[in-house]
file model_36.txt (compact mmCIF, C-alpha atoms)
# COMPACT_ATOMS: atom_id res chain seq x y z
CA MET A 125 0.00 0.00 0.00
CA GLY A 126 2.81 2.42 0.86
CA PHE A 127 4.56 1.83 -2.42
CA GLY A 128 1.34 2.15 -4.41
CA LEU A 129 0.59 5.50 -2.80
CA ALA A 130 4.16 6.74 -3.29
CA VAL A 131 4.31 5.72 -6.92
CA MET A 132 1.26 7.86 -7.64
CA SER A 133 3.61 10.86 -7.41
CA TYR A 134 5.96 9.28 -9.93
CA ILE A 135 3.14 8.60 -12.37
CA GLY A 136 1.50 11.97 -11.77
CA THR A 137 4.77 13.81 -12.35
CA THR A 138 5.69 11.94 -15.51
CA SER A 139 2.14 12.42 -16.83
CA PHE A 140 1.47 16.04 -15.85
CA VAL A 141 4.63 18.07 -15.23
CA VAL A 142 5.05 19.14 -18.86
CA LEU A 143 1.36 20.05 -19.10
CA ALA A 144 1.58 22.00 -15.83
CA PHE A 145 4.54 23.98 -17.15
CA LEU A 146 2.71 24.76 -20.39
CA HIS A 147 -0.39 25.81 -18.47
CA ARG A 148 1.71 28.24 -16.41
CA GLY A 149 3.33 29.68 -19.54
CA TRP A 150 6.72 28.17 -18.73
CA HIS A 151 8.84 26.64 -21.47
CA ASN A 152 11.04 24.11 -19.65
CA GLY A 153 8.57 21.35 -18.80
CA SER A 154 10.71 18.82 -20.63
CA ILE A 155 13.68 19.90 -18.49
CA ALA A 156 11.60 19.36 -15.35
CA LEU A 157 10.66 15.89 -16.54
CA PHE A 158 14.29 15.14 -17.42
CA VAL A 159 15.69 16.25 -14.06
CA PHE A 160 12.97 14.36 -12.19
CA LEU A 161 13.90 11.15 -14.02
CA ALA A 162 17.64 11.85 -13.81
CA ALA A 163 17.42 12.41 -10.05
CA PHE A 164 15.38 9.23 -9.79
CA ALA A 165 18.02 7.25 -11.73
CA LEU A 166 21.07 8.77 -10.04
CA ALA A 167 19.86 8.71 -6.45
CA ARG A 168 19.49 4.95 -6.39
CA PRO A 169 23.20 4.09 -6.85
CA VAL A 170 24.28 7.05 -4.73
CA PHE A 171 22.07 6.09 -1.78
CA SER A 172 21.93 2.30 -2.24
CA GLY A 173 24.04 1.75 0.87
CA VAL A 174 21.23 3.25 2.93
CA CYS A 175 19.05 0.32 1.92
CA ASP A 176 21.68 -2.20 2.94
CA ARG A 177 21.93 -0.65 6.40
CA ALA A 178 18.21 0.03 6.93
CA THR A 179 16.84 -1.57 10.07
CA GLY A 180 13.73 0.53 10.59
CA PRO A 181 11.32 2.91 8.92
CA ARG A 182 13.37 6.12 9.25
CA PRO A 183 15.07 6.01 5.79
CA VAL A 184 11.82 5.35 3.91
CA LEU A 185 10.02 8.02 5.90
CA LEU A 186 12.76 10.49 4.94
CA ALA A 187 12.47 9.41 1.30
CA LEU A 188 8.71 9.89 1.38
CA ALA A 189 9.15 13.28 3.06
CA ALA A 190 11.51 14.31 0.25
CA LEU A 191 9.00 13.07 -2.32
CA ALA A 192 6.18 15.00 -0.64
CA GLY A 193 8.38 18.08 -0.32
CA GLY A 194 9.26 17.96 -4.01
CA MET A 195 5.59 17.63 -4.93
CA LEU A 196 4.76 20.57 -2.67
CA ILE A 197 7.46 22.68 -4.33
CA LEU A 198 6.14 21.71 -7.77
CA GLY A 199 2.63 22.69 -6.75
CA LEU A 200 3.52 26.01 -5.11
CA ALA A 201 6.42 27.17 -7.31
CA SER A 202 6.16 30.72 -8.56
CA ASP A 203 8.76 30.23 -11.26
CA GLU A 204 10.06 27.39 -13.39
CA HIS A 205 13.48 27.23 -11.71
CA THR A 206 11.88 26.57 -8.34
CA ALA A 207 9.61 23.96 -9.91
CA ILE A 208 12.63 22.27 -11.50
CA ALA A 209 14.31 22.15 -8.08
CA GLY A 210 11.14 20.53 -6.72
CA ALA A 211 11.31 17.93 -9.47
CA ILE A 212 14.88 17.07 -8.44
CA VAL A 213 13.92 16.70 -4.77
CA ALA A 214 10.90 14.55 -5.67
CA GLY A 215 12.95 12.35 -8.00
CA CYS A 216 15.53 11.67 -5.30
CA GLY A 217 12.86 10.82 -2.75
CA MET A 218 10.91 8.58 -5.12
CA SER A 219 14.03 6.69 -6.11
CA MET A 220 14.53 5.21 -2.68
CA THR A 221 10.95 4.16 -1.98
CA TYR A 222 11.09 0.97 -4.03
CA PRO A 223 14.16 -0.60 -2.42
CA LEU A 224 13.30 0.64 1.06
CA LEU A 225 9.76 -0.73 0.86
CA ALA A 226 10.76 -3.96 -0.88
CA LEU A 227 13.00 -4.88 2.06
CA PRO A 228 10.19 -5.40 4.58
CA VAL A 229 8.30 -7.45 1.97
CA VAL A 230 11.27 -9.75 1.47
CA ARG A 231 11.73 -10.03 5.23
CA ALA A 232 8.04 -10.64 5.92
CA VAL A 233 7.49 -13.62 3.64
CA PRO A 234 8.99 -17.10 3.87
CA ALA A 235 11.98 -17.66 1.58
CA THR A 236 9.87 -19.95 -0.61
CA GLN A 237 7.41 -17.11 -1.30
CA ILE A 238 9.70 -14.15 -1.99
CA ALA A 239 8.82 -14.08 -5.69
CA SER A 240 5.10 -14.01 -4.86
CA GLY A 241 5.67 -11.30 -2.26
CA ILE A 242 7.61 -9.09 -4.67
CA GLY A 243 5.05 -9.80 -7.41
CA LEU A 244 2.24 -8.53 -5.20
CA PHE A 245 4.40 -5.58 -4.14
CA ASP A 246 5.01 -4.69 -7.80
CA ALA A 247 1.28 -4.95 -8.50
CA ALA A 248 0.91 -1.76 -6.46
CA TYR A 249 2.69 0.05 -9.30
CA ASP A 250 0.22 -1.39 -11.79
CA VAL A 251 -2.79 -0.30 -9.74
CA ALA A 252 -1.32 3.18 -9.29
CA THR A 253 -0.75 3.36 -13.06
CA LEU A 254 -4.43 2.60 -13.58
CA ILE A 255 -5.73 5.07 -11.01
CA THR A 256 -3.39 8.07 -11.12
CA PRO A 257 -3.77 9.54 -14.64
CA PRO A 258 -7.57 9.81 -14.60
CA LEU A 259 -7.57 11.04 -10.99
CA ALA A 260 -4.88 13.64 -11.70
CA GLY A 261 -6.66 14.62 -14.91
CA LEU A 262 -9.88 15.18 -13.01
CA ILE A 263 -8.05 17.30 -10.45
CA ALA A 264 -6.30 19.31 -13.18
CA ALA A 265 -9.55 19.88 -15.05
CA THR A 266 -11.52 20.98 -11.99
CA VAL A 267 -9.00 22.69 -9.71
CA GLY A 268 -5.88 23.22 -11.82
CA TYR A 269 -2.48 21.69 -12.47
CA SER A 270 -0.90 23.03 -9.30
CA ALA A 271 -3.50 21.15 -7.28
CA VAL A 272 -2.37 17.87 -8.86
CA PHE A 273 1.02 18.20 -7.21
CA LEU A 274 -0.44 19.39 -3.91
CA VAL A 275 -2.72 16.34 -3.78
CA LEU A 276 0.22 14.10 -4.68
CA ALA A 277 2.21 15.68 -1.82
CA GLY A 278 -0.58 14.70 0.55
CA ILE A 279 -0.76 11.19 -0.88
CA SER A 280 3.02 10.84 -0.43
CA LEU A 281 2.64 11.83 3.21
CA LEU A 282 -0.22 9.37 3.57
CA ALA A 283 2.11 6.65 2.24
CA MET A 284 4.17 7.06 5.41
CA ILE A 285 1.55 5.22 7.45
CA PRO A 286 1.66 1.85 5.64
CA ALA A 287 5.39 2.31 4.98
CA ALA A 288 6.13 2.58 8.70
CA ALA A 289 3.75 -0.29 9.45
CA ALA A 290 5.56 -2.51 6.93
CA TRP A 291 8.78 -2.08 8.87
CA CYS A 292 7.05 -3.08 12.11
CA ARG A 293 5.99 -6.51 10.80
CA ARG A 294 7.80 -9.49 12.19
CA PRO A 295 10.25 -11.20 9.83
CA ALA A 296 9.26 -14.60 8.46
CA THR A 297 10.86 -17.62 10.04

call {"tool": "encode", "arguments": {"input": "model_36.txt", "output": "structure tokens"}}
result
Amino acid sequence: MGFGLAVMSYIGTTSFVVLAFLHRGWHNGSIALFVFLAAFALARPVFSGVCDRATGPRPVLLALAALAGGMLILGLASDEHTAIAGAIVAGCGMSMTYPLLALPVVRAVPATQIASGIGLFDAAYDVATLITPPLAGLIAATVGYSAVFLVLAGISLLAMIPAAAAWCRRPAT
């Protein structure tokens, strides 16, 4: 559940950041998309050691806070440079949610069921892919593009609840 909620920000950003920039009269929406994805790709190898040392929910909560903060910056930015900075922060935060939330899944299922556990975990991405674009489109059409990122910030914060709970589960024996 935590991963599915978090990934909504990834899908919402990749689907709507360019449109949001165009709606605001800004010309660098493709740059915002690029830096979001570049931060996502680069943060994983840079911070991968965090995952190896993670023993509790703190790292994933920090990653989700960064994701939410980036979404908030994207939603409230008064200029495109600030919005691009928000995209970088969000990309870095999003990058770490998968490995940091996959760890409790792997630890919570018996060794013979790890593939099933990860398969169900990955299904959260698929469900988010189904839900996010029409939901974000409805928000954009009724309230505006900035509201899309503000709602995604809230959803990223909401993801902290199941993310923390996942780390509190007992490991499989």

call {"tool": "atom_distance", "arguments": {"input": "model_36.txt", "atom1": "atom CA of A:Leu281", "atom2": "atom CA of A:Ser240"}}
result
27.2 Å

call {"tool": "atom_distance", "arguments": {"input": "model_36.txt", "atom1": "atom CA of A:Ile155", "atom2": "atom CA of A:Ile208"}}
result
7.5 Å

call {"tool": "closest_residue", "arguments": {"input": "model_36.txt", "among": "A:Thr266, A:Ile255, A:Phe145, A:Met195", "to": "A:Gly278", "atoms": "only C-alpha atoms"}}
result
A:Met195

call {"tool": "residues_around", "arguments": {"input": "model_36.txt", "residues": "stretch 163-170 of chain A", "least_positions_apart": "6", "cutoff": "12 Å", "atoms": "all atoms listed in the file", "output": "ChimeraX atom specification"}}
result
/A:131,134,137-138,155-157,176,187,190-191,194,208-224

call {"tool": "residues_around", "arguments": {"input": "model_36.txt", "residues": "A:Leu146", "least_positions_apart": "5", "cutoff": "12 Å", "atoms": "all atoms listed in the file", "output": "count of residues only"}}
result
10

call {"tool": "build_atoms", "arguments": {"input": "model_36.txt", "residues": "stretch 257-284 of chain A", "atoms": "N, CA and C atoms", "output": "PDB file, keeping the file's coordinate frame"}}
result
ATOM      1  N   PRO A 257      -3.499   8.583 -13.547  1.00  0.00           N
ATOM      2  CA  PRO A 257      -3.770   9.540 -14.640  1.00  0.00           C
ATOM      3  C   PRO A 257      -5.202  10.070 -14.685  1.00  0.00           C
ATOM      4  N   PRO A 258      -6.222   9.217 -14.571  1.00  0.00           N
ATOM      5  CA  PRO A 258      -7.570   9.810 -14.600  1.00  0.00           C
ATOM      6  C   PRO A 258      -7.873  10.657 -13.363  1.00  0.00           C
ATOM      7  N   LEU A 259      -7.356  10.249 -12.207  1.00  0.00           N
ATOM      8  CA  LEU A 259      -7.570  11.040 -10.990  1.00  0.00           C
ATOM      9  C   LEU A 259      -6.882  12.394 -11.116  1.00  0.00           C
ATOM     10  N   ALA A 260      -5.618  12.386 -11.540  1.00  0.00           N
ATOM     11  CA  ALA A 260      -4.880  13.640 -11.700  1.00  0.00           C
ATOM     12  C   ALA A 260      -5.508  14.498 -12.796  1.00  0.00           C
ATOM     13  N   GLY A 261      -5.988  13.878 -13.853  1.00  0.00           N
ATOM     14  CA  GLY A 261      -6.660  14.620 -14.910  1.00  0.00           C
ATOM     15  C   GLY A 261      -7.921  15.302 -14.422  1.00  0.00           C
ATOM     16  N   LEU A 262      -8.674  14.600 -13.593  1.00  0.00           N
ATOM     17  CA  LEU A 262      -9.880  15.180 -13.010  1.00  0.00           C
ATOM     18  C   LEU A 262      -9.535  16.366 -12.111  1.00  0.00           C
ATOM     19  N   ILE A 263      -8.490  16.203 -11.323  1.00  0.00           N
ATOM     20  CA  ILE A 263      -8.050  17.300 -10.450  1.00  0.00           C
ATOM     21  C   ILE A 263      -7.600  18.491 -11.295  1.00  0.00           C
ATOM     22  N   ALA A 264      -6.782  18.237 -12.317  1.00  0.00           N
ATOM     23  CA  ALA A 264      -6.300  19.310 -13.180  1.00  0.00           C
ATOM     24  C   ALA A 264      -7.449  20.040 -13.870  1.00  0.00           C
ATOM     25  N   ALA A 265      -8.433  19.285 -14.324  1.00  0.00           N
ATOM     26  CA  ALA A 265      -9.550  19.880 -15.050  1.00  0.00           C
ATOM     27  C   ALA A 265     -10.474  20.690 -14.146  1.00  0.00           C
ATOM     28  N   THR A 266     -10.578  20.303 -12.876  1.00  0.00           N
ATOM     29  CA  THR A 266     -11.520  20.980 -11.990  1.00  0.00           C
ATOM     30  C   THR A 266     -10.877  22.038 -11.099  1.00  0.00           C
ATOM     31  N   VAL A 267      -9.638  21.784 -10.667  1.00  0.00           N
ATOM     32  CA  VAL A 267      -9.000  22.690  -9.710  1.00  0.00           C
ATOM     33  C   VAL A 267      -7.742  23.343 -10.291  1.00  0.00           C
ATOM     34  N   GLY A 268      -7.079  22.668 -11.203  1.00  0.00           N
ATOM     35  CA  GLY A 268      -5.880  23.220 -11.820  1.00  0.00           C
ATOM     36  C   GLY A 268      -4.678  22.301 -11.649  1.00  0.00           C
ATOM     37  N   TYR A 269      -3.665  22.538 -12.468  1.00  0.00           N
ATOM     38  CA  TYR A 269      -2.480  21.690 -12.470  1.00  0.00           C
ATOM     39  C   TYR A 269      -1.692  21.764 -11.173  1.00  0.00           C
ATOM     40  N   SER A 270      -1.632  22.917 -10.560  1.00  0.00           N
ATOM     41  CA  SER A 270      -0.900  23.030  -9.300  1.00  0.00           C
ATOM     42  C   SER A 270      -1.501  22.107  -8.241  1.00  0.00           C
ATOM     43  N   ALA A 271      -2.826  21.997  -8.258  1.00  0.00           N
ATOM     44  CA  ALA A 271      -3.500  21.150  -7.280  1.00  0.00           C
ATOM     45  C   ALA A 271      -3.122  19.682  -7.433  1.00  0.00           C
ATOM     46  N   VAL A 272      -2.795  19.261  -8.650  1.00  0.00           N
ATOM     47  CA  VAL A 272      -2.370  17.870  -8.860  1.00  0.00           C
ATOM     48  C   VAL A 272      -1.173  17.566  -7.969  1.00  0.00           C
ATOM     49  N   PHE A 273      -0.187  18.452  -7.983  1.00  0.00           N
ATOM     50  CA  PHE A 273       1.020  18.200  -7.210  1.00  0.00           C
ATOM     51  C   PHE A 273       0.795  18.367  -5.714  1.00  0.00           C
ATOM     52  N   LEU A 274      -0.110  19.239  -5.335  1.00  0.00           N
ATOM     53  CA  LEU A 274      -0.440  19.390  -3.910  1.00  0.00           C
ATOM     54  C   LEU A 274      -1.145  18.136  -3.388  1.00  0.00           C
ATOM     55  N   VAL A 275      -2.056  17.591  -4.179  1.00  0.00           N
ATOM     56  CA  VAL A 275      -2.720  16.340  -3.780  1.00  0.00           C
ATOM     57  C   VAL A 275      -1.706  15.210  -3.716  1.00  0.00           C
ATOM     58  N   LEU A 276      -0.808  15.149  -4.689  1.00  0.00           N
ATOM     59  CA  LEU A 276       0.220  14.100  -4.680  1.00  0.00           C
ATOM     60  C   LEU A 276       1.144  14.244  -3.475  1.00  0.00           C
ATOM     61  N   ALA A 277       1.412  15.474  -3.040  1.00  0.00           N
ATOM     62  CA  ALA A 277       2.210  15.680  -1.820  1.00  0.00           C
ATOM     63  C   ALA A 277       1.491  15.051  -0.634  1.00  0.00           C
ATOM     64  N   GLY A 278       0.193  15.287  -0.539  1.00  0.00           N
ATOM     65  CA  GLY A 278      -0.580  14.700   0.550  1.00  0.00           C
ATOM     66  C   GLY A 278      -0.614  13.182   0.489  1.00  0.00           C
ATOM     67  N   ILE A 279      -0.749  12.648  -0.711  1.00  0.00           N
ATOM     68  CA  ILE A 279      -0.760  11.190  -0.880  1.00  0.00           C
ATOM     69  C   ILE A 279       0.599  10.607  -0.487  1.00  0.00           C
ATOM     70  N   SER A 280       1.673  11.311  -0.815  1.00  0.00           N
ATOM     71  CA  SER A 280       3.020  10.840  -0.430  1.00  0.00           C
ATOM     72  C   SER A 280       3.165  10.829   1.087  1.00  0.00           C
ATOM     73  N   LEU A 281       2.612  11.828   1.742  1.00  0.00           N
ATOM     74  CA  LEU A 281       2.640  11.830   3.210  1.00  0.00           C
ATOM     75  C   LEU A 281       1.784  10.703   3.766  1.00  0.00           C
ATOM     76  N   LEU A 282       0.648  10.471   3.157  1.00  0.00           N
ATOM     77  CA  LEU A 282      -0.220   9.370   3.570  1.00  0.00           C
ATOM     78  C   LEU A 282       0.493   8.025   3.438  1.00  0.00           C
ATOM     79  N   ALA A 283       1.357   7.897   2.446  1.00  0.00           N
ATOM     80  CA  ALA A 283       2.110   6.650   2.240  1.00  0.00           C
ATOM     81  C   ALA A 283       3.012   6.316   3.418  1.00  0.00           C
ATOM     82  N   MET A 284       3.309   7.312   4.243  1.00  0.00           N
ATOM     83  CA  MET A 284       4.170   7.060   5.410  1.00  0.00           C
ATOM     84  C   MET A 284       3.533   6.082   6.398  1.00  0.00           C
TER      85      MET A 284
END
